[in-house]
Amino acid sequence: MELYNIFEQCCGVTTDSRKVGVGELFFALHGANFNGNLYAIKALEAGAAYAVVDEQPEALSEEYKERVIVVEDTLLALQALAAEHRRRLQIPILGIVGSNGKTTTKELTSRVLAEKFNVYATRGNLNNHIGVPLTLLAMDSSVEFGVVEMGASAQGEIATLCAICQPNYGIITNIGNAHLEGFGGHEGIIKGKGELYDYLAANGGRAFVAQEDEIVTLMAAVRIDMAVEPYSYSLSEGYKSNLSGDYNSRNIAAAVAIGRYFDIAPERIAAAIESYIPENNRSQEQMTNHGNRLIIDCYNANPSSMEVALANIANKEGAKLLILGDMLELGQWSESEHNRILKLATEIDSVDIILVGEHFRKAAHSLAIDAICCKDNAEAADYLTQSHISNTTILLKGSRGIALEKLIDCL
C-alpha cells in the first residue's frame, strides 16, 4: 500500500491545517461547510511532509508537486490507512459503544489496563468516522493494548467503525434513548449498537456483558457465535472513585470486570479507579465560593442520561436547583421526552428549575410548570448573575449544543 509507505515516513497524521506539525501527513477532508483541499498548500508550507487531497491544487509549484498525493476520496483513504495500520499493529483492541457512559468507561478501563499494558485510548471525543481512524493512526509499535470509543448517531455507523478498528473485545455500556432521530427509534438504537456484537460474533471476538442489563444480555444471547464474559454490577462494591452519581457504579463494574479478565491484581484495579479525576464536564462535582455544590454533567444529554442524573440529585439533602438544557437530536420523540423528563424533575423535593432552550420551554408551557425559561445560556447567565444563589446543590445537564458549562462562573 503506497500510502502506508508514505505514512511510515511521517511523524503523525492531522486533518487540521491550522495545527499541522512538522513532518506530519495532512489529510484534506471536506464536508458541507468546509473543504480541506483549499488548505493543502498551507499545510505543506507549515511543515507537513505530505498532503493527501482529492482535488488537484491549482498552480502547484515544483517544490510541492512530489508531496501532494491525489486520491479518489480523502476520508475513505484515511479510513483505509487506519484499517491497514490496525492490522499491522497486531494488538488486542477493546471497542466501547453505548448510549451513555462510553467515555467514563473508556477512561476507567484504560487506566485499569495500564496497570499491566502500555495502553493507548481514544483522546477527547475522537470517536466518530474521523476520530476513530485518527485514534488508530496515533498508536505506534510501543502500544500493547488499544481502547477505542465508538460513537454513532445512525444505523450502520458502528459497523463501519468496527471494520476500521477491528476490535477483539467489546462492551456495550447500555441502550438508552440517544440520537433517536438518527437511529429511527429505540429498536433502531438496539440494531445500531448491536453492530459491535455482530462484528465480534463474525470475527471470534469476546463481549463483556452486564447480567443485570436485560437488553444487552438478550442482544448477546441471540448471537450464538459470540464469546461472552458475563459480569455483575455488584463488582463495583467497595471501590472508591471521584465520580458523582451512583449510576457510575456500572462504569466502575465494567472496568473491574475487564481488569479481572486480564489478570490485573485487585489492589492495582482499585488504585487505577481511584486515580481517575473526571473532567470535560462529565460527572464532576465542584464547590463554589457561594457554597454551592455543582454537579457538572453537561457534556451531553439524552433522556436516559437525564433520568439518572435527576435520580442522583434527588437523593441530595437541602435546597436543589436544576439547570436543564434541551436534549437535541430526538426528532419526533422530542416533545414527549422533554415533557417526561420535566415531569420527573418536578417530583424532586425542595427543587427549583431553570430551563434553557426552546424544547424545554415548550414543555413547561404545555405542562403548566412553574420554571424559569431562558432561550439560551446567555439569558440564563443574566438571570443567575442577578439571583445570587448560595448553599444549593445544582445540577447542570444539557446537550452539547446548549453549552451549559458557560454558566459555571455565574454560580
# chains A, B, ... in the order shown; residues from 1 in each chain; ligands from 1
>>> residues_around(residues="Pro303 (chain A)", least_positions_apart="3", cutoff="10 Å", atoms="only C-alpha atoms", output="JSON, numbers by chain")
{"A": [176, 177, 178, 179, 180, 306, 307, 308, 309, 327, 328, 330, 334, 337, 338, 340, 341]}
>>> residues_around(residues="Ile313 (chain A)", least_positions_apart="3", cutoff="12 Å", atoms="only C-alpha atoms", output="MDAnalysis selection string")
chainID A and resid 244:247 283 285 293:297 306:310 316:323 344:345 347:351 392:397
>>> residues_around(residues="Ser366 (chain A)", least_positions_apart="4", cutoff="12 Å", atoms="only C-alpha atoms", output="PyMOL selection string")
chain A and resi 335-336+338-340+342-343+359-362+370
>>> residues_around(residues="Tyr261 (chain A)", least_positions_apart="2", cutoff="12 Å", atoms="only C-alpha atoms", output="list in words")
Thr109, Val112, Leu113, Tyr169, Arg206, Ala207, Phe208, Val228, Glu229, Pro230, Tyr231, Ala254, Ala255, Val256, Ala257, Ile258, Gly259, Asp263, Ile264, Ala265, Pro266 and Ile269 of chain A
>>> atom_distance(atom1="CA of Glu115 (chain A)", atom2="CA of Val147 (chain A)")
13.8 Å
>>> closest_residue(among="A:Lys240, A:Lys193, A:Lys406, A:Arg400", to="Cys298 (chain A)", atoms="only C-alpha atoms")
A:Arg400
>>> atom_distance(atom1="CA of His186 (chain A)", atom2="CA of Ser234 (chain A)")
27.0 Å
>>> select_by_dssp(residues="region 130-245 of chain A", states="helix (DSSP H, G or I)", output="ChimeraX atom specification")
/A:131-137,157-165,180-183,186-193,195-202,214-221,233-236
>>> select_by_dssp(residues="region 100-339 of chain A", states="strand (DSSP E)", output="MDAnalysis selection string")
chainID A and resid 119:121 145:149 169:172 206:210 227:231 284:287 293:296 320:325
>>> residues_around(residues="Gly124 (chain A)", least_positions_apart="3", cutoff="9 Å", atoms="only C-alpha atoms", output="count of residues only")
3
>>> residues_around(residues="Phe26 (chain A)", least_positions_apart="3", cutoff="9 Å", atoms="only C-alpha atoms", output="list in words")
Gly12, Val13, Thr14, Thr15, Asp16, Ser17, Val20, Ala40, Ala43, Leu44, Ala48, Ala49, Tyr50, Ala51, Val52 and Val53 of chain A
>>> closest_residue(among="A:Cys373, A:Ile389, A:Cys162, A:Met287", to="Ala82 (chain A)", atoms="only C-alpha atoms")
A:Cys162
>>> closest_residue(among="A:Ala46, A:Val132, A:Gln56, A:Gly325", to="Ala83 (chain A)", atoms="only C-alpha atoms")
A:Val132
>>> closest_residue(among="A:Ala403, A:Leu136, A:Leu235, A:Leu200", to="Ile252 (chain A)", atoms="only C-alpha atoms")
A:Leu235
